[in-house]
Amino acid sequence: MAEYFGTAVEDIFNTMEERFIPEGTHGVDATIGYNISGEGGGNWKVTLKEGTLKVERLDAEVTGCAVTLNAEAETFVGVTLGKIDAGEAFSGGKIRVDGDITILVNVLPKAFRQFTPVIWARDILATVRERFRPEKAEGVNMKIGYDLSGEGGGQWTVVVKDQTCDLKEVLDDDCTVVMRMEAPVFVDLNQGKLDGATAFTSGKVKIDGDIGAAGQTASLFEKYVAEGAAEEKGEELISLKCVPSINQRYATGPAVGRWFDGLKEKKFYASKCPNCERTLVPPREICAECRVRCNEFVEVGPEGTVTLIDVVYYASPDPLTGKIRETPYTALFMVLDGASRDESFAHDLNPKDIDRIKPGMKVRPVWAEKRTGSYKDLLYFEIAD
Amino acid sequence: MAKKNRNVGVIGIGQTEYSSHKEHQNQAEMVNEAVRYALEDANITLDDIDCVVHGNMELFEMVHQPDMWHALGSGAYGKDQLRITTGGTTGASLVCAADNLVASGMYDVVMAIGLEKLQEGHTTGGITNMADPLWFRHLQTGALTATTATMMMEEFGEDRAKRAAMKYRILMDKHACLNPRAHRRFGLEYDQLEDLMNTSPKLVGELRLIHMCSQSDGACVMIFASEEKAKAMCKNPVWIRDHITVHREETFNNFGLEMPEMTHHYAGRKLFERNGITDPVEYFDVFEMYDPSAWWGLDWLREFLQLKDDEHLKLLEDGEFDLDGKLPVNPSGGVTASNPIGATAMLRPAEAAMQIRGDAGPQQIKKEVKHALASGFGGTLWSVLIMLEKDLDWQEV
């Protein structure tokens, strides 16, 4: 199919339906003929009547319309895209209009949104080198793979290395991350028609490999702007970002104070309810169920029996340091030896045991060498055998 | 039942659309948008409001005394105003408080406002602050955990549990797609079930990205009036029959070798008992539930509705939680679709009330809705349940 300026004549007529603005044809009753000659040309008849649209492709020259436009395919596409000046083409005889020209001038702009050429994934990827921002890529060394299916799909690898960027039309085996999606999804994402988080969450985009790297890619490139597309000017939005840091002091009270004191000696202390006899770990002053004060402390653990295992893949920040945690890591729920059966205690698992841990296993605490009576005294638990 | 001095009706409801960000308006403007809708809905003016109850979570936006900042939008200046901030349950607590304030006789007309602009803060950062700062905080990952998923897979088998959780998730999305105010409307289809089940990225264990709730911006406002005023001002008030709030300890200590009764179960048991309801699935026509994830939502249906064994899975598998099922769940799309946290638990009774009025919009349940249940959730598995009625004809127990 012949294309001019990357667009075929057909594309313009095939998109009329979606570009049609019904409310823009109030009081209109008109037929418009198009006789487009040359390679990729053809004959179309467009009927606009009170909020309705009919687009027909005819086999022969269109006649009998209120207005008929005759032009070479290249001229027609060029004028539609704004690549060729319409006034000049008309004055120079490259466009010939028979009938009521005011329909073309007054009715068409209200009846249709501007035609924008179809953008292919290939067009977008072809511009990655020029959109690359070396200043953002200091120390970044990665291969981003794109596996795009469907019409206009293909496989590409974007290589970012030593603050340079290259594009290969093949999917390398050793990509840091591969993003798989249908090609039109990729195009919509790059045009801001689809939100990345939504596409990812709903399964439209699949990410293999380092998800963090996938998130980083956006900052490495300037936004894609289609050739000839005018950037929409909106009101300026000022967004200020700041990270407030607030120092805090917090009194433990006697029960949790006892807990921290015990950690120094590698001991876990629980408070015990004098009424229901359940243990509370870490200790609390009151049994919330019996509403009585718990003045007795008993030693529990140090080993425990695992009840539930949470393997965490989501890289959340450690609230005390703000640093993103290494994933995956494992949080354990356990019942410490001597503690009530329904009273669970939670802590981290030694990363070396992540593949072996099972419910029902015995685990033991691993202590910091120097203990000061803080949460840092207990490093994690590990499988006891 | 709980002693009520006089009956209380919902006479106005206003909601913004829920979305991932609302940079076009500040917090007070967002509040104002919902306030205007609610006043319009009730066909009254600010002059008719005796008291304003305001709620969000200031740790999320880090604006201290938001009730003061928002007075520009809420119209609270010159009126009595109370602020309520109970974490995830905030929205439900606002409704309970407004109901209590009117029932007591202290005020005739009370406006409750729930809101959140999560985009302006850090949700997980805020949530982690609920843990003991000296001990448990370094272990916190906000509200993300797969404990329920693990237990359900253990109880019902991995495949059935995973399918059920994803079916629940897709059902919620189908409801959300009908609700023009819902934030996330993915357009998920049941034929994507297996694909999503296996490929949606894992957050924690089998809790996957698609299962988890959104982070949304938005505000919800409800106006409550005494029976006398409600009947005079409104042609179809919705009556708050009863509500219950149940807390447990502020630690995640309930995953031992034996499980204590969950607050969800306790809340349902007590509330239904004192209202003489023996079969909640039969009695209620809709349940708007605070479901922070698909796993929790599905599991909590069993707890709240006092179901046994796999009854909740069967109801789901048989389509009984669909809009045309026995007990439609979350016609709004629920919390996995929209989650402006301080308002989230108010969206539940708000949607329930609209369903009773019959003007919920495209997600309206086709058969008549007379009895509705709404829940709130927060903290370390705390629960609120609210019962709403179309008619003032229930029997005192």
# chains A, B, ... in the order shown; residues from 1 in each chain; ligands from 1
call {"tool": "select_by_dssp", "arguments": {"residues": "range 221-292 of chain A", "states": "strand (DSSP E or B)", "output": "list in words"}}
result
Phe221, Phe268, Tyr269, Ala270, Ser271, Lys272, Thr279, Leu280, Ile286, Cys287 and Val292 of chain A
call {"tool": "write_last_selection", "arguments": {"atoms": "N, CA and C atoms", "output": "PDB file, in the first residue's frame"}}
result
ATOM      1  N   PHE A 221      14.661   8.439  29.433  1.00  0.00           N
ATOM      2  CA  PHE A 221      14.333   8.952  28.097  1.00  0.00           C
ATOM      3  C   PHE A 221      13.383  10.134  28.172  1.00  0.00           C
ATOM      4  N   PHE A 268      13.779 -13.685  75.916  1.00  0.00           N
ATOM      5  CA  PHE A 268      12.473 -13.101  75.585  1.00  0.00           C
ATOM      6  C   PHE A 268      11.582 -13.168  76.822  1.00  0.00           C
ATOM      7  N   TYR A 269      11.092 -12.017  77.258  1.00  0.00           N
ATOM      8  CA  TYR A 269      10.165 -12.007  78.384  1.00  0.00           C
ATOM      9  C   TYR A 269       8.750 -11.730  77.898  1.00  0.00           C
ATOM     10  N   ALA A 270       7.816 -12.504  78.416  1.00  0.00           N
ATOM     11  CA  ALA A 270       6.400 -12.272  78.128  1.00  0.00           C
ATOM     12  C   ALA A 270       5.714 -11.882  79.428  1.00  0.00           C
ATOM     13  N   SER A 271       4.652 -11.081  79.335  1.00  0.00           N
ATOM     14  CA  SER A 271       3.836 -10.882  80.527  1.00  0.00           C
ATOM     15  C   SER A 271       2.737 -11.933  80.505  1.00  0.00           C
ATOM     16  N   LYS A 272       2.243 -12.267  81.683  1.00  0.00           N
ATOM     17  CA  LYS A 272       1.279 -13.363  81.775  1.00  0.00           C
ATOM     18  C   LYS A 272       0.020 -12.868  82.471  1.00  0.00           C
ATOM     19  N   THR A 279       0.065 -15.724  77.558  1.00  0.00           N
ATOM     20  CA  THR A 279       1.280 -14.911  77.565  1.00  0.00           C
ATOM     21  C   THR A 279       1.146 -13.829  76.494  1.00  0.00           C
ATOM     22  N   LEU A 280       1.788 -12.708  76.725  1.00  0.00           N
ATOM     23  CA  LEU A 280       1.756 -11.608  75.766  1.00  0.00           C
ATOM     24  C   LEU A 280       3.199 -11.321  75.338  1.00  0.00           C
ATOM     25  N   ILE A 286      -1.489  -4.876  80.137  1.00  0.00           N
ATOM     26  CA  ILE A 286      -2.866  -5.292  80.386  1.00  0.00           C
ATOM     27  C   ILE A 286      -3.220  -6.442  79.448  1.00  0.00           C
ATOM     28  N   CYS A 287      -3.981  -7.383  79.929  1.00  0.00           N
ATOM     29  CA  CYS A 287      -4.572  -8.367  79.024  1.00  0.00           C
ATOM     30  C   CYS A 287      -5.848  -7.737  78.474  1.00  0.00           C
ATOM     31  N   VAL A 292      -7.311  -7.010  82.858  1.00  0.00           N
ATOM     32  CA  VAL A 292      -6.634  -6.999  84.167  1.00  0.00           C
ATOM     33  C   VAL A 292      -5.156  -6.713  83.940  1.00  0.00           C
TER      34      VAL A 292
END
call {"tool": "interface_residues", "arguments": {"of": "chain B", "to": "chain A", "cutoff": "8 Å", "atoms": "only C-alpha atoms", "output": "PyMOL selection string"}}
result
chain B and resi 23+125+128+133-135+137-141+145-147+150+184+186+188+196+199-200+202-205+209-210+248-249+252-260
call {"tool": "select_by_dssp", "arguments": {"residues": "range 113-344 of chain A", "states": "helix (DSSP H, G or I)", "output": "number ranges by chain"}}
result
A: 121-125, 128-131, 134-136, 183-190, 196-201, 211-220, 253-264
call {"tool": "residues_around", "arguments": {"residues": "Val178 in chain A", "least_positions_apart": "6", "cutoff": "9 Å", "atoms": "only C-alpha atoms", "output": "ChimeraX atom specification"}}
result
/A:143-147,157,171,206-210,214
call {"tool": "atom_distance", "arguments": {"atom1": "CA of Ile356 in chain B", "atom2": "CA of Glu389 in chain B"}}
result
7.4 Å
call {"tool": "residues_around", "arguments": {"residues": "Thr127 in chain A", "least_positions_apart": "4", "cutoff": "10 Å", "atoms": "only C-alpha atoms", "output": "PyMOL selection string"}}
result
chain A and resi 122-123+131-132+167+221-222+224-226
call {"tool": "atom_distance", "arguments": {"atom1": "CA of Ala372 in chain B", "atom2": "CA of Leu392 in chain B"}}
result
13.3 Å
call {"tool": "residues_around", "arguments": {"residues": "range 135-142 of chain A", "least_positions_apart": "6", "cutoff": "9 Å", "atoms": "only C-alpha atoms", "output": "NGL selection string"}}
result
:A and (158-164 or 175-177 or 213 or 219-221)
call {"tool": "write_last_selection", "arguments": {"atoms": "N, CA and C atoms", "output": "PDB file, in the first residue's frame"}}
result
ATOM      1  N   VAL A 158      16.895  -2.488  23.992  1.00  0.00           N
ATOM      2  CA  VAL A 158      17.516  -1.181  24.170  1.00  0.00           C
ATOM      3  C   VAL A 158      18.671  -1.380  25.151  1.00  0.00           C
ATOM      4  N   VAL A 159      19.872  -1.047  24.693  1.00  0.00           N
ATOM      5  CA  VAL A 159      21.058  -1.271  25.512  1.00  0.00           C
ATOM      6  C   VAL A 159      21.537   0.063  26.087  1.00  0.00           C
ATOM      7  N   VAL A 160      21.538   0.159  27.390  1.00  0.00           N
ATOM      8  CA  VAL A 160      22.040   1.367  28.045  1.00  0.00           C
ATOM      9  C   VAL A 160      23.334   0.998  28.753  1.00  0.00           C
ATOM     10  N   LYS A 161      24.407   1.660  28.351  1.00  0.00           N
ATOM     11  CA  LYS A 161      25.718   1.300  28.882  1.00  0.00           C
ATOM     12  C   LYS A 161      26.641   2.506  28.783  1.00  0.00           C
ATOM     13  N   ASP A 162      27.397   2.763  29.837  1.00  0.00           N
ATOM     14  CA  ASP A 162      28.359   3.870  29.867  1.00  0.00           C
ATOM     15  C   ASP A 162      27.755   5.178  29.324  1.00  0.00           C
ATOM     16  N   GLN A 163      26.557   5.464  29.755  1.00  0.00           N
ATOM     17  CA  GLN A 163      25.853   6.694  29.358  1.00  0.00           C
ATOM     18  C   GLN A 163      25.632   6.818  27.848  1.00  0.00           C
ATOM     19  N   THR A 164      25.574   5.659  27.192  1.00  0.00           N
ATOM     20  CA  THR A 164      25.168   5.670  25.781  1.00  0.00           C
ATOM     21  C   THR A 164      23.961   4.755  25.632  1.00  0.00           C
ATOM     22  N   CYS A 175      18.798  -9.945  28.899  1.00  0.00           N
ATOM     23  CA  CYS A 175      18.174  -8.666  29.246  1.00  0.00           C
ATOM     24  C   CYS A 175      18.015  -8.531  30.767  1.00  0.00           C
ATOM     25  N   THR A 176      18.195  -7.322  31.254  1.00  0.00           N
ATOM     26  CA  THR A 176      17.947  -7.041  32.663  1.00  0.00           C
ATOM     27  C   THR A 176      16.462  -7.213  32.950  1.00  0.00           C
ATOM     28  N   VAL A 177      15.677  -6.759  32.001  1.00  0.00           N
ATOM     29  CA  VAL A 177      14.235  -6.854  32.149  1.00  0.00           C
ATOM     30  C   VAL A 177      13.618  -6.959  30.753  1.00  0.00           C
ATOM     31  N   ALA A 213      14.127  -2.088  37.502  1.00  0.00           N
ATOM     32  CA  ALA A 213      14.744  -1.562  36.281  1.00  0.00           C
ATOM     33  C   ALA A 213      13.677  -1.068  35.315  1.00  0.00           C
ATOM     34  N   SER A 219      12.693   7.401  33.386  1.00  0.00           N
ATOM     35  CA  SER A 219      13.516   8.575  33.665  1.00  0.00           C
ATOM     36  C   SER A 219      14.712   8.681  32.716  1.00  0.00           C
ATOM     37  N   LEU A 220      15.003   7.606  31.993  1.00  0.00           N
ATOM     38  CA  LEU A 220      16.193   7.614  31.128  1.00  0.00           C
ATOM     39  C   LEU A 220      15.936   8.258  29.765  1.00  0.00           C
ATOM     40  N   PHE A 221      14.661   8.439  29.433  1.00  0.00           N
ATOM     41  CA  PHE A 221      14.333   8.952  28.097  1.00  0.00           C
ATOM     42  C   PHE A 221      13.383  10.134  28.172  1.00  0.00           C
TER      43      PHE A 221
END
call {"tool": "residues_around", "arguments": {"residues": "Phe381 in chain A", "least_positions_apart": "4", "cutoff": "7 Å", "atoms": "only C-alpha atoms", "output": "list in words"}}
result
Asp348, Leu349, Asn350, Val363, Arg364, Pro365 and Val366 of chain A
